[in-house]
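**Student:** File final-v8.txt below, compact mmCIF, C-alpha atoms and all ligand atoms:
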```
# COMPACT_ATOMS: atom_id res chain seq x y z
CA MET A 698 19.80 -13.09 9.19
CA LYS A 699 16.51 -14.52 7.88
CA ILE A 700 13.34 -12.50 8.39
CA LEU A 701 9.77 -13.69 7.91
CA VAL A 702 7.41 -10.97 6.67
CA ILE A 703 3.72 -11.47 7.42
CA ASN A 704 0.63 -9.75 6.09
CA ALA A 705 -2.34 -11.25 7.96
CA GLY A 706 -5.86 -10.59 6.68
CA SER A 707 -9.12 -11.83 8.17
CA SER A 708 -9.14 -14.99 6.03
CA SER A 709 -5.67 -14.95 4.54
CA LEU A 710 -2.03 -14.89 5.45
CA LYS A 711 0.69 -13.78 3.04
CA PHE A 712 4.31 -14.48 3.86
CA GLN A 713 7.81 -13.91 2.52
CA LEU A 714 10.99 -15.37 3.93
CA ILE A 715 13.86 -13.03 3.13
CA ASP A 716 17.56 -13.71 3.64
CA MET A 717 18.88 -10.27 4.58
CA ASN A 718 22.29 -11.36 3.47
CA GLY A 719 21.85 -10.05 -0.08
CA GLU A 720 18.14 -9.28 0.54
CA VAL A 721 17.03 -12.39 -1.34
CA VAL A 722 13.49 -13.79 -1.15
CA ILE A 723 13.88 -17.49 -0.32
CA ALA A 724 10.19 -18.35 -0.26
CA LYS A 725 6.90 -16.55 -0.54
CA GLY A 726 3.31 -17.60 -0.53
CA THR A 727 -0.25 -17.31 0.64
CA CYS A 728 -2.64 -19.19 2.88
CA GLY A 729 -6.10 -18.48 1.47
CA ARG A 730 -9.58 -19.15 2.84
CA VAL A 731 -8.34 -19.44 6.42
CA GLY A 732 -11.32 -20.36 8.61
CA ALA A 733 -13.25 -21.99 5.73
CA GLU A 734 -13.95 -25.71 5.50
CA MET A 735 -11.16 -26.07 2.93
CA GLY A 736 -8.33 -23.64 2.37
CA GLU A 737 -5.71 -23.02 -0.33
CA PHE A 738 -1.99 -22.91 0.23
CA GLU A 739 0.56 -21.67 -2.28
CA ILE A 740 4.31 -21.32 -1.97
CA LYS A 741 7.02 -20.25 -4.43
CA THR A 742 10.65 -21.17 -3.89
CA GLU A 743 13.68 -21.51 -6.15
CA GLN A 744 12.28 -24.99 -6.96
CA GLY A 745 9.07 -23.56 -8.41
CA LYS A 746 5.47 -23.00 -7.40
CA PHE A 747 3.59 -25.51 -5.23
CA GLU A 748 -0.10 -25.47 -4.40
CA LYS A 749 -2.34 -27.62 -2.26
CA GLU A 750 -5.73 -27.65 -0.65
CA VAL A 751 -5.56 -27.80 3.12
CA ALA A 752 -7.99 -26.90 5.89
CA MET A 753 -6.74 -24.12 8.17
CA ALA A 754 -9.31 -23.44 10.88
CA ASN A 755 -7.50 -20.33 12.12
CA HIS A 756 -4.28 -18.34 11.77
CA THR A 757 -2.37 -20.66 14.12
CA GLU A 758 -3.13 -23.60 11.82
CA ALA A 759 -2.12 -21.48 8.84
CA PHE A 760 1.26 -20.79 10.48
CA LEU A 761 1.71 -24.51 11.11
CA VAL A 762 1.14 -25.14 7.40
CA VAL A 763 3.72 -22.46 6.56
CA LYS A 764 6.15 -23.99 9.08
CA GLU A 765 5.78 -27.45 7.58
CA ALA A 766 6.26 -26.15 4.04
CA LEU A 767 9.37 -24.12 4.91
CA THR A 768 11.05 -26.95 6.80
CA SER A 769 10.12 -30.16 4.98
CA GLY A 770 9.43 -31.88 1.66
CA GLU A 771 10.02 -30.43 -1.79
CA THR A 772 9.27 -26.90 -0.56
CA LYS A 773 11.91 -27.03 2.20
CA VAL A 774 14.15 -23.96 2.35
CA ILE A 775 15.34 -24.06 5.99
CA ASP A 776 16.09 -26.88 8.45
CA SER A 777 14.08 -25.48 11.32
CA LEU A 778 12.16 -22.39 12.40
CA SER A 779 15.09 -21.45 14.66
CA GLU A 780 16.81 -20.17 11.49
CA ILE A 781 14.27 -17.34 11.39
CA SER A 782 15.68 -14.52 13.53
CA ALA A 783 12.70 -12.19 13.56
CA ILE A 784 9.23 -11.61 12.14
CA GLY A 785 7.86 -8.41 10.64
CA HIS A 786 4.11 -7.80 10.50
CA ARG A 787 2.37 -5.35 8.23
CA VAL A 788 -0.15 -3.40 10.31
CA VAL A 789 -2.52 -1.10 8.44
CA GLN A 790 -3.50 1.35 11.19
CA GLY A 791 -1.06 2.74 13.72
CA GLY A 792 -3.20 5.83 14.35
CA ALA A 793 -1.40 8.73 15.95
CA ILE A 794 0.25 6.34 18.42
CA TYR A 795 2.90 4.67 16.27
CA LYS A 796 5.13 7.00 14.30
CA GLU A 797 7.63 4.30 13.39
CA SER A 798 8.08 0.53 13.26
CA THR A 799 7.87 -0.93 16.76
CA LEU A 800 8.89 -4.08 18.62
CA ILE A 801 5.68 -5.95 19.50
CA THR A 802 5.02 -6.29 23.24
CA ASP A 803 1.78 -6.97 25.13
CA ASP A 804 1.28 -3.20 25.37
CA VAL A 805 1.76 -2.78 21.62
CA ILE A 806 -0.86 -5.49 20.97
CA LYS A 807 -3.22 -3.52 23.21
CA GLY A 808 -2.32 -0.36 21.31
CA ILE A 809 -3.11 -1.97 17.94
CA GLU A 810 -6.33 -3.30 19.46
CA SER A 811 -7.30 0.20 20.61
CA LEU A 812 -7.17 1.31 16.96
CA CYS A 813 -9.58 -1.36 15.67
CA ASP A 814 -12.39 1.21 15.29
CA LEU A 815 -10.23 3.07 12.76
CA ALA A 816 -9.43 -0.10 10.76
CA PRO A 817 -12.15 -2.65 11.54
CA LEU A 818 -11.29 -4.89 8.58
CA HIS A 819 -7.54 -4.93 9.17
CA ASN A 820 -6.31 -4.42 12.74
CA PRO A 821 -8.31 -7.32 14.30
CA ALA A 822 -6.85 -9.64 11.64
CA HIS A 823 -3.32 -8.37 12.30
CA ILE A 824 -3.74 -9.12 16.01
CA GLN A 825 -4.91 -12.65 15.18
CA GLY A 826 -1.84 -13.04 13.00
CA ILE A 827 0.53 -11.71 15.69
CA ASN A 828 -0.93 -13.93 18.42
CA ALA A 829 -0.88 -17.02 16.19
CA CYS A 830 2.70 -16.30 15.21
CA MET A 831 3.72 -16.05 18.87
CA GLU A 832 2.05 -19.42 19.55
CA VAL A 833 3.96 -21.12 16.74
CA PHE A 834 7.35 -19.35 17.02
CA GLY A 835 7.39 -18.73 20.77
CA LYS A 836 7.80 -15.39 22.50
CA ASP A 837 11.60 -15.26 22.21
CA VAL A 838 11.61 -14.47 18.50
CA PRO A 839 11.34 -10.67 18.11
CA GLU A 840 8.22 -9.58 16.25
CA VAL A 841 7.98 -6.12 14.79
CA ALA A 842 4.94 -4.13 13.66
CA VAL A 843 5.48 -2.01 10.55
CA PHE A 844 2.60 0.44 10.23
CA ASP A 845 1.15 1.45 6.87
CA ASN A 846 0.66 5.03 7.95
CA ALA A 847 3.72 5.64 10.14
CA PHE A 848 5.55 7.38 7.27
CA HIS A 849 2.65 9.86 7.02
CA SER A 850 2.82 10.77 10.71
CA THR A 851 4.94 13.84 9.88
CA MET A 852 2.01 15.57 8.16
CA PRO A 853 1.28 19.00 9.64
CA GLU A 854 -2.10 19.61 11.32
CA GLU A 855 -3.36 21.80 8.50
CA ALA A 856 -2.94 18.82 6.14
CA TYR A 857 -4.40 16.11 8.33
CA MET A 858 -7.42 17.89 9.86
CA PHE A 859 -10.85 17.77 8.23
CA GLY A 860 -13.13 20.82 8.37
CA ILE A 861 -15.66 19.32 10.79
CA PRO A 862 -16.27 20.29 14.46
CA TYR A 863 -13.03 19.83 16.38
CA GLU A 864 -14.83 17.77 19.04
CA TYR A 865 -15.06 14.80 16.62
CA TYR A 866 -11.31 14.83 16.22
CA GLU A 867 -10.97 14.79 20.00
CA LYS A 868 -13.71 12.20 20.53
CA TYR A 869 -12.96 9.77 17.69
CA GLN A 870 -9.50 10.77 16.37
CA ILE A 871 -11.07 11.54 12.99
CA ARG A 872 -8.28 12.94 10.79
CA ARG A 873 -6.22 12.08 7.73
CA TYR A 874 -3.86 9.17 8.42
CA GLY A 875 -2.95 8.04 4.90
CA PHE A 876 -1.99 4.54 3.78
CA HIS A 877 0.60 2.79 1.55
CA GLY A 878 3.19 4.57 3.71
CA THR A 879 5.64 1.68 3.52
CA SER A 880 5.54 1.81 -0.27
CA HIS A 881 5.87 5.61 -0.42
CA ARG A 882 8.81 5.37 2.00
CA TYR A 883 10.50 2.63 -0.02
CA VAL A 884 10.24 4.35 -3.41
CA SER A 885 11.15 7.78 -2.02
CA GLY A 886 14.37 6.30 -0.57
CA GLU A 887 15.12 4.53 -3.85
CA CYS A 888 14.44 7.74 -5.79
CA ALA A 889 16.86 9.73 -3.64
CA ASN A 890 19.48 7.00 -4.23
CA ILE A 891 18.93 7.08 -8.00
CA MET A 892 19.24 10.87 -8.00
CA GLY A 893 22.34 10.67 -5.80
CA LYS A 894 20.73 13.11 -3.35
CA ASP A 895 19.68 13.13 0.27
CA LEU A 896 15.91 12.70 0.59
CA LYS A 897 15.97 15.79 2.83
CA ASP A 898 17.15 17.90 -0.11
CA ILE A 899 14.48 17.02 -2.68
CA LYS A 900 10.78 17.65 -3.20
CA LEU A 901 9.07 14.45 -4.28
CA ILE A 902 5.64 13.30 -5.38
CA THR A 903 5.22 9.53 -5.15
CA CYS A 904 2.26 7.98 -6.97
CA HIS A 905 1.36 4.49 -5.72
CA LEU A 906 -1.20 3.44 -8.32
CA GLY A 907 -2.78 0.00 -8.02
CA ASN A 908 -6.20 -1.36 -7.20
CA GLY A 909 -6.00 1.06 -4.31
CA SER A 910 -4.06 4.22 -5.09
CA SER A 911 -2.56 7.12 -3.23
CA ILE A 912 -0.29 10.07 -3.97
CA THR A 913 2.08 11.57 -1.40
CA ALA A 914 4.02 14.83 -1.22
CA ILE A 915 7.43 14.58 0.48
CA LYS A 916 9.48 17.64 1.39
CA ASP A 917 12.56 17.87 3.65
CA GLY A 918 12.40 14.07 3.92
CA LYS A 919 8.93 14.25 5.48
CA VAL A 920 5.44 13.54 4.22
CA ILE A 921 3.58 16.83 4.13
CA ASP A 922 0.36 15.51 2.57
CA THR A 923 -1.17 12.35 1.17
CA SER A 924 -4.37 11.60 -0.72
CA MET A 925 -5.85 8.80 1.39
CA GLY A 926 -7.57 9.95 4.55
CA LEU A 927 -9.21 8.43 7.61
CA THR A 928 -9.62 5.34 5.45
CA PRO A 929 -8.24 4.24 2.06
CA LEU A 930 -11.45 5.51 0.40
CA ASP A 931 -10.23 9.08 0.08
CA GLY A 932 -8.24 10.48 -2.83
CA PHE A 933 -8.96 9.95 -6.53
CA VAL A 934 -10.93 7.22 -8.39
CA MET A 935 -9.44 3.77 -7.84
CA GLY A 936 -10.28 0.27 -9.13
CA THR A 937 -13.52 0.00 -7.16
CA ARG A 938 -13.31 2.94 -4.71
CA SER A 939 -14.88 6.32 -5.38
CA GLY A 940 -12.12 8.53 -4.03
CA ASN A 941 -13.24 11.87 -2.62
CA LEU A 942 -16.60 13.34 -3.52
CA ASP A 943 -18.98 15.99 -2.25
CA PRO A 944 -20.04 14.56 1.16
CA SER A 945 -23.64 15.51 0.31
CA VAL A 946 -23.62 12.84 -2.39
CA VAL A 947 -23.40 10.28 0.42
CA THR A 948 -26.25 11.65 2.52
CA PHE A 949 -28.37 12.23 -0.61
CA LEU A 950 -27.97 8.62 -1.72
CA GLN A 951 -28.54 7.28 1.78
CA GLU A 952 -31.85 9.13 1.91
CA LYS A 953 -32.94 8.15 -1.61
CA GLU A 954 -31.75 4.53 -1.54
CA GLY A 955 -32.30 3.87 2.17
CA TRP A 956 -28.73 2.60 2.58
CA THR A 957 -27.34 1.69 6.00
CA PRO A 958 -23.75 2.81 6.79
CA ALA A 959 -22.53 -0.71 5.88
CA GLU A 960 -24.38 -0.65 2.53
CA THR A 961 -23.01 2.82 1.81
CA ASN A 962 -19.49 1.63 2.56
CA ALA A 963 -19.95 -1.37 0.29
CA VAL A 964 -21.06 0.77 -2.66
CA LEU A 965 -18.32 3.36 -2.20
CA ASN A 966 -15.55 0.79 -1.64
CA LYS A 967 -16.52 -2.08 -3.92
CA LYS A 968 -18.81 -0.81 -6.68
CA SER A 969 -17.51 2.67 -7.43
CA GLY A 970 -14.40 4.19 -8.99
CA ILE A 971 -13.20 2.90 -12.35
CA ALA A 972 -15.47 -0.17 -12.10
CA GLY A 973 -18.52 1.90 -11.21
CA ILE A 974 -18.01 4.31 -14.11
CA SER A 975 -16.99 1.75 -16.76
CA GLY A 976 -19.67 -0.78 -15.89
CA GLY A 977 -17.53 -3.40 -14.15
CA PHE A 978 -13.96 -3.15 -15.48
CA SER A 979 -11.54 -2.37 -12.68
CA ASP A 980 -8.30 -3.74 -14.13
CA ASP A 981 -6.25 -1.16 -16.01
CA ARG A 982 -5.51 -3.65 -18.83
CA ASP A 983 -9.25 -4.16 -19.44
CA ILE A 984 -9.91 -0.43 -19.27
CA GLN A 985 -7.25 0.35 -21.89
CA LYS A 986 -8.48 -2.44 -24.19
CA GLU A 987 -12.16 -1.49 -23.85
CA ALA A 988 -11.48 2.23 -24.26
CA ASN A 989 -9.29 1.64 -27.32
CA GLU A 990 -12.06 -0.50 -28.85
CA GLY A 991 -14.58 2.31 -28.44
CA ASN A 992 -16.18 1.63 -25.04
CA LYS A 993 -17.11 5.20 -24.09
CA ARG A 994 -17.56 4.56 -20.39
CA ALA A 995 -14.20 2.81 -20.10
CA ASP A 996 -12.72 5.83 -21.87
CA LEU A 997 -14.52 8.17 -19.45
CA ALA A 998 -13.22 6.14 -16.47
CA ARG A 999 -9.60 6.43 -17.61
CA LYS A 1000 -10.00 10.11 -18.44
CA MET A 1001 -11.39 10.74 -14.95
CA GLN A 1002 -8.50 8.81 -13.40
CA TRP A 1003 -5.86 10.68 -15.38
CA TYR A 1004 -7.51 14.06 -14.72
CA GLN A 1005 -7.80 13.46 -10.98
CA ILE A 1006 -4.20 12.21 -10.71
CA ARG A 1007 -3.04 15.30 -12.60
CA LYS A 1008 -4.96 17.51 -10.14
CA TYR A 1009 -3.40 15.78 -7.11
CA ILE A 1010 0.09 16.21 -8.54
CA GLY A 1011 -0.72 19.85 -9.26
CA GLN A 1012 -2.01 20.39 -5.71
CA TYR A 1013 1.11 18.91 -4.22
CA ILE A 1014 3.42 20.96 -6.43
CA ALA A 1015 1.59 24.02 -5.08
CA ALA A 1016 1.76 22.69 -1.50
CA MET A 1017 5.52 22.10 -1.74
CA GLN A 1018 6.13 25.16 -3.93
CA GLY A 1019 7.96 23.04 -6.45
CA VAL A 1020 8.89 19.48 -7.27
CA ASP A 1021 12.18 17.77 -8.17
CA ALA A 1022 10.88 14.31 -9.06
CA ILE A 1023 7.68 12.37 -9.61
CA VAL A 1024 7.67 8.60 -9.03
CA PHE A 1025 5.23 6.01 -10.38
CA THR A 1026 4.84 2.70 -8.58
CA GLY A 1027 2.21 0.00 -7.80
CA GLY A 1028 0.61 -2.38 -10.33
CA ILE A 1029 -0.71 0.45 -12.51
CA GLY A 1030 2.15 2.89 -11.92
CA GLU A 1031 4.68 0.20 -12.82
CA ASN A 1032 2.82 -1.01 -15.91
CA SER A 1033 0.32 1.39 -17.42
CA GLN A 1034 2.17 3.14 -20.22
CA PRO A 1035 -0.84 5.20 -21.43
CA LEU A 1036 -1.47 6.57 -17.94
CA ARG A 1037 2.18 7.55 -17.44
CA GLN A 1038 2.37 9.14 -20.88
CA ASN A 1039 -0.79 11.14 -20.28
CA ILE A 1040 0.38 12.43 -16.89
CA CYS A 1041 3.90 13.28 -18.05
CA GLU A 1042 2.66 15.10 -21.17
CA SER A 1043 0.14 17.07 -19.13
CA PHE A 1044 3.06 18.60 -17.20
CA ALA A 1045 4.98 19.72 -20.28
CA TYR A 1046 4.27 23.32 -19.19
CA LEU A 1047 6.45 22.65 -16.12
CA GLY A 1048 9.35 21.68 -18.35
CA ILE A 1049 8.84 17.91 -18.07
CA THR A 1050 10.03 16.15 -21.22
CA PHE A 1051 8.92 12.59 -21.89
CA ASN A 1052 10.94 9.65 -23.18
CA ALA A 1053 8.46 7.30 -24.91
CA GLU A 1054 11.08 4.60 -25.47
CA GLU A 1055 11.90 4.37 -21.78
CA ASN A 1056 8.18 4.39 -20.99
CA ALA A 1057 7.76 1.30 -23.20
CA LYS A 1058 10.63 -0.49 -21.44
CA ALA A 1059 9.50 0.16 -17.86
CA ILE A 1060 7.07 -2.69 -17.27
CA ARG A 1061 6.62 -5.80 -15.09
CA GLY A 1062 9.08 -4.99 -12.35
CA VAL A 1063 11.52 -3.08 -14.57
CA GLY A 1064 11.94 0.53 -13.52
CA GLY A 1065 13.26 3.42 -15.55
CA GLU A 1066 13.48 7.14 -16.07
CA LEU A 1067 10.60 8.55 -18.12
CA SER A 1068 11.89 12.10 -18.26
CA GLY A 1069 14.25 13.25 -20.99
CA ALA A 1070 17.79 14.46 -20.23
CA ASP A 1071 16.60 18.08 -20.55
CA SER A 1072 13.58 17.66 -18.27
CA LYS A 1073 13.23 20.23 -15.46
CA VAL A 1074 11.61 17.60 -13.25
CA LYS A 1075 12.73 13.97 -13.11
CA VAL A 1076 10.10 11.26 -13.60
CA TYR A 1077 10.81 7.67 -12.59
CA VAL A 1078 9.13 4.30 -12.52
CA ILE A 1079 10.35 2.52 -9.38
CA PRO A 1080 8.96 -0.95 -8.58
CA THR A 1081 7.81 -0.96 -4.98
CA ASN A 1082 8.86 -3.55 -2.40
CA GLU A 1083 6.90 -3.18 0.82
CA GLU A 1084 8.00 -6.60 2.10
CA LEU A 1085 11.66 -5.66 1.82
CA MET A 1086 11.01 -2.40 3.67
CA ILE A 1087 9.24 -4.37 6.43
CA ALA A 1088 12.15 -6.84 6.55
CA ARG A 1089 14.73 -4.02 6.77
CA ASP A 1090 12.88 -2.36 9.67
CA THR A 1091 12.47 -5.72 11.39
CA LYS A 1092 16.16 -6.50 11.02
CA GLU A 1093 17.18 -3.15 12.46
CA ILE A 1094 14.94 -3.54 15.52
CA ALA A 1095 15.74 -7.25 15.98
CA GLU A 1096 19.48 -6.56 15.94
CA LYS A 1097 19.06 -4.15 18.85
CA VAL A 1098 16.97 -6.68 20.79
CA LEU A 1099 19.17 -9.68 20.04
CA GLY A 1100 22.37 -7.74 20.65
P1 LIG B 1 -1.71 -3.58 -7.20
O1 LIG B 1 -2.95 -3.27 -6.42
O2 LIG B 1 -0.59 -2.64 -6.95
O3 LIG B 1 -1.31 -5.02 -7.14
O4 LIG B 1 -2.11 -3.32 -8.75
C1 LIG B 1 -3.02 -4.17 -9.41
C2 LIG B 1 -3.44 -3.50 -10.70
O5 LIG B 1 -2.31 -3.20 -11.51
C3 LIG B 1 -4.29 -4.39 -11.60
O6 LIG B 1 -5.63 -4.41 -11.24
C4 LIG B 1 -4.08 -3.74 -12.94
O7 LIG B 1 -5.02 -2.69 -13.07
C5 LIG B 1 -2.71 -3.15 -12.88
N1 LIG B 1 -1.77 -3.94 -13.70
C6 LIG B 1 -1.09 -5.02 -13.35
N2 LIG B 1 -0.33 -5.46 -14.38
C7 LIG B 1 -0.54 -4.61 -15.42
C8 LIG B 1 -0.05 -4.49 -16.76
N3 LIG B 1 0.84 -5.35 -17.26
N4 LIG B 1 -0.52 -3.46 -17.51
C9 LIG B 1 -1.38 -2.56 -17.01
N5 LIG B 1 -1.87 -2.63 -15.75
C10 LIG B 1 -1.47 -3.62 -14.96
```
What is this structure when it is put down as structure tokens?

**Tutor:**
Amino acid sequence: MKILVINAGSSSLKFQLIDMNGEVVIAKGTCGRVGAEMGEFEIKTEQGKFEKEVAMANHTEAFLVVKEALTSGETKVIDSLSEISAIGHRVVQGGAIYKESTLITDDVIKGIESLCDLAPLHNPAHIQGINACMEVFGKDVPEVAVFDNAFHSTMPEEAYMFGIPYEYYEKYQIRRYGFHGTSHRYVSGECANIMGKDLKDIKLITCHLGNGSSITAIKDGKVIDTSMGLTPLDGFVMGTRSGNLDPSVVTFLQEKEGWTPAETNAVLNKKSGIAGISGGFSDDRDIQKEANEGNKRADLARKMQWYQIRKYIGQYIAAMQGVDAIVFTGGIGENSQPLRQNICESFAYLGITFNAEENAKAIRGVGGELSGADSKVKVYVIPTNEELMIARDTKEIAEKVLG
């Protein structure tokens, strides 16, 4: 069975075609600058990487470009679209409605639409992607929505409620939803496999550290807390996002600087975090280089990041009353050796021992165990694979539909 995985943004469309027989990626690529006068298309297959400039006025045209690339010329990997059995869509916000991956029907599209207020940058783009996909593939091909926050839907009320008047929860559904759920779910399952245990029998802390970062506590196979909140702005300092701060900082700055809500959002999402502190460096490689060469603000940014991550892990150990394993994933989690070393060594008091050699080996898609044989808590690097998780869910649901 071949599954197409789609991540539709407002002006982009990322895709992966996965053969579930062996879970092999046959082709993957991106349509960029959708809606602009000229767009960019990129596809990678076994034959190599191909790029071209092509205008794609909307998502439907982008899908037609993908269709042509997959079925013809030097990028051809299938004879016709009918070889694709089902399509899985990443959907950022499933609110409190969708607690698991769901077959897309007209009602589900309406449901995703009803959550646009909670994810104004993402859900409208996902709907465009779903509708365009239906136009190109027809309505007989099962399409499945895999929600970023479904995995977090098990959080108890005391973890997901904010301490504001209850009426705003009732009126606007303001609460913690969390994000990166598909990644946390994938690596937690992999971790249980590596440990040879049932996920239900271990206490896990999964750290998805990338441009956007979140940490999740998993107990009895369920998420009990996660660092991102109503939006992906919550948590600890990220590439360009502030993470949590005293809410008065926001109102203070709005008054002093005269910022509108949109301007406030832009500063907190795009100009803050590691970039805001260091003076523009958001990439972990730049931060390490600058800090090692004596840039004090880059050094401060990484120290803040490490300190805040340590505090989140500590909080979640307290929340779960213990921890069996900590997992690092995401671009930074999978690659930043100094960060991993700092975090592991800061938990020596818990009985975590650190294997520097394994830390050096776990890089660029190679996982590994960072804890020593005598460590009381296991620490792993596990490369994430959200697309594969989406494809697995899509396959499972499509098989039921297709019989
Ligand atoms: P993500 O958002 O998960 O794609 O992560 C992207 C981030 O991962 C980049 O901005 C870098 O900070 C970090 N990253 C990627 N590759 C490396 C590397 N080889 N060493 C350190 N950090 C890396």

**Student:** So, counting all atoms listed in the file, which residue among A:Met1017, A:Met935, A:Leu812, A:Ala822 is closest to Asp917 in chain A?

**Tutor:**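 Using all atoms listed in the file, the shortest distance to Asp917 in chain A belongs to A:Met1017.
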
**Student:** With the cut-off set at 10 Å and counting all atoms listed in the file, tabulate each residue of chain A with an atom at most that distance from an atom of ligand LIG 1 (chain B), showing the nearest atom pair and its distance in Å to one decimal, ordered by chain and increasing number, as a Markdown table.

**Tutor:**
```
| residue | atom | partner | partner_atom | distance |
| --- | --- | --- | --- | --- |
| A:His905 | CA | B:LIG1 | O2 | 7.5 |
| A:Leu906 | CA | B:LIG1 | O2 | 6.3 |
| A:Gly907 | CA | B:LIG1 | O4 | 3.5 |
| A:Asn908 | CA | B:LIG1 | O1 | 3.8 |
| A:Gly909 | CA | B:LIG1 | O1 | 5.7 |
| A:Ser910 | CA | B:LIG1 | O1 | 7.7 |
| A:Met935 | CA | B:LIG1 | O7 | 9.4 |
| A:Gly936 | CA | B:LIG1 | O6 | 6.9 |
| A:Thr937 | CA | B:LIG1 | O6 | 9.9 |
| A:Ile971 | CA | B:LIG1 | O7 | 9.9 |
| A:Phe978 | CA | B:LIG1 | O7 | 9.3 |
| A:Ser979 | CA | B:LIG1 | O6 | 6.4 |
| A:Asp980 | CA | B:LIG1 | O7 | 3.6 |
| A:Asp981 | CA | B:LIG1 | O7 | 3.5 |
| A:Arg982 | CA | B:LIG1 | C9 | 4.6 |
| A:Asp983 | CA | B:LIG1 | O7 | 7.8 |
| A:Ile984 | CA | B:LIG1 | O7 | 8.2 |
| A:Gln985 | CA | B:LIG1 | C9 | 8.2 |
| A:Thr1026 | CA | B:LIG1 | O2 | 7.8 |
| A:Gly1027 | CA | B:LIG1 | O2 | 3.9 |
| A:Gly1028 | CA | B:LIG1 | O5 | 3.3 |
| A:Ile1029 | CA | B:LIG1 | O5 | 4.1 |
| A:Gly1030 | CA | B:LIG1 | O5 | 7.6 |
| A:Glu1031 | CA | B:LIG1 | C10 | 7.5 |
| A:Asn1032 | CA | B:LIG1 | N4 | 4.4 |
| A:Ser1033 | CA | B:LIG1 | C9 | 4.3 |
| A:Gln1034 | CA | B:LIG1 | C9 | 7.4 |
| A:Pro1035 | CA | B:LIG1 | C9 | 8.9 |
| A:Leu1036 | CA | B:LIG1 | C9 | 9.2 |
| A:Ile1060 | CA | B:LIG1 | N3 | 6.8 |
| A:Arg1061 | CA | B:LIG1 | N3 | 6.2 |
| A:Gly1062 | CA | B:LIG1 | N3 | 9.6 |
| A:Pro1080 | CA | B:LIG1 | O2 | 9.8 |
| A:Thr1081 | CA | B:LIG1 | O2 | 8.8 |
```

**Student:** For Ile700 in chain A, which of A:Ser911, A:Ser779, A:Asn846, A:Thr1091 is the closest residue, counting all atoms listed in the file?

**Tutor:**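 Checking each candidate against Ile700 in chain A, we get A:Thr1091 as the closest.
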
**Student:** Leaving out Gly878 in chain A and any residue of its chain fewer than 3 positions from it, which residues lie within 8 Å of it when counting all atoms listed in the file, given as a VMD selection string?

**Tutor:** chain A and resid 844 to 849 875 881 to 882

**Student:** Choose the residue, out of A:Ala988, A:Val1020, A:Met892, A:Ile1079, that has the smallest atom-to-atom separation from Ile1049 in chain A; count all atoms listed in the file.

**Tutor:**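 Selected residue with least distance to Ile1049 in chain A: A:Val1020.
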
**Student:** One decimal, Å: what's the distance from CA of Pro853 in chain A over to CA of Arg873 in chain A, could you say?

**Tutor:**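 Computing the Euclidean distance for CA of Pro853 in chain A and CA of Arg873 in chain A yields 10.4 Å.
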
**Student:** For range 857-872 of chain A, list every protein, DNA or RNA residue within 7 Å, evaluated using only C-alpha atoms, and leave out those in the same chain fewer than 5 positions away; present the list as a list in words.

**Tutor:**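 Near range 857-872 of chain A, the qualifying residues are Met852, Gly926 and Leu927 of chain A.
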
**Student:** From the list A:Arg938, A:His823, A:His756, A:Lys900, which residue is nearest Val920 in chain A when using all atoms listed in the file?

**Tutor:** A:Lys900

**Student:** Find, counting only C-alpha atoms, the residue in A:Ile723, A:Ala995, A:Ala1015, A:Leu930 that gets nearest to Gly745 in chain A.

**Tutor:**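 Smallest separation from Gly745 in chain A among the options: A:Ile723.
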